[in-house]
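**Q** Questions regarding the structure given below will be posed in turn.
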Amino acid sequence: MTFNDAVRSVFGKYAVFSGRARRSEYWYFYLFTLLVSAATSLADSLLRRGVGGDAGVLSALASLVLLLPNVAVTVRRLHDTGRRGWWILLPLAPALPLLAGMVGLVVAALFGGSIGGALALVVVGGALTVAGAVMLLVFLCLDSDPGANRYGPSPQPPPVPGGGWGSPPALASSGLDEHGHGPSR
């Protein structure tokens, strides 16, 4: 799948959470999102110099437009590896102890309490959040489940009969050896 095909495919399935998405579709759209983010941030910074405002209106608008297709393609990518889409929430689950610890730190700072327990929650929650994000990244990098799975047929094209370029069956039928030479006399 090419870059343009991936962007078209994801926008064509703007809010479709069923089915599967190939690695190339996911990562090309991720690259597209980064490029759009960089371009709108640059445009916002140029507009701020000229206008004097603080708001990154273009960046905020681009983020809103790209949010739903990003979540949808991520869920479909997880489906392609045989996982439920709910795995997308993995980095967020440990964030609860992190937030509780941060609140505890603020309360301790305001009212002069001990920060030991709150600091421990921040450290543990932060470490678990990073671990969850790394685990999700690994899932997104895994190869597709071969063939159909419970989320639908494989989005990858079927393999080419004969194995493709330079395979032994193709060479054997051509009369050439592995170096491309004809029969020796």
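If you're wondering about the labels, chains in the structure tokens are A, B, ... by order shown, residues count from 1 in each chain, ligands from 1 in order shown.
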Name the residues in contact with A:Val134 at a cut-off of 10 Å, using only C-alpha atoms, excluding same-chain residues fewer than 6 positions from it; report them as a list in words.
**A** Leu90, Pro91, Leu128 and Leu140 of chain A
**Q** With C-alpha atoms kept, could you save the residues just selected as a CSV table (one decimal), in the first residue's frame?
**A**
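Output (out13.csv):
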```csv
chain,number,residue,atom,x,y,z
A,90,LEU,CA,-3.7,0.2,27.7
A,91,PRO,CA,-1.5,3.3,28.3
A,128,LEU,CA,3.2,1.5,34.2
A,140,LEU,CA,1.1,-2.1,16.4
```
**Q** Which one of A:His79, A:Ala62, A:Leu119, A:Thr74 sits closest to A:Val107 if you count only C-alpha atoms?
**A**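 So, comparing all the options, the nearest one is A:Leu119.
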**Q** For the atom pair atom CA of A:Leu99 and atom CA of A:Val122, what is the interatomic distance in Å to one decimal place?
**A**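 So the two atoms, atom CA of A:Leu99 and atom CA of A:Val122, lie 7.3 Å apart.
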**Q** Check the smallest atom-to-atom distance from each of A:Phe3, A:Arg8, A:Asp44, A:Pro94 to A:Tyr28 using only C-alpha atoms, then report the winner.
**A** A:Phe3
**Q** Please compute the atom CA of A:Leu78-atom CA of A:Leu98 distance, one decimal, in Å.
**A**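 For atom CA of A:Leu78 relative to atom CA of A:Leu98, the distance reads 25.7 Å.
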**Q** Measure the distance from atom CA of A:Asp145 to atom CA of A:Leu35 in Å and round it to one decimal.
**A** 29.2 Å
**Q** Nearest to A:Leu68 among A:Val10, A:Leu31, A:Ala93, A:Ile115, with distances taken over only C-alpha atoms: which residue is it?
**A** A:Val10
**Q** For A:Val16, which residue among A:Thr2, A:Ser154, A:Ser59, A:Asn70 is the nearest when counting only C-alpha atoms?
**A** A:Asn70
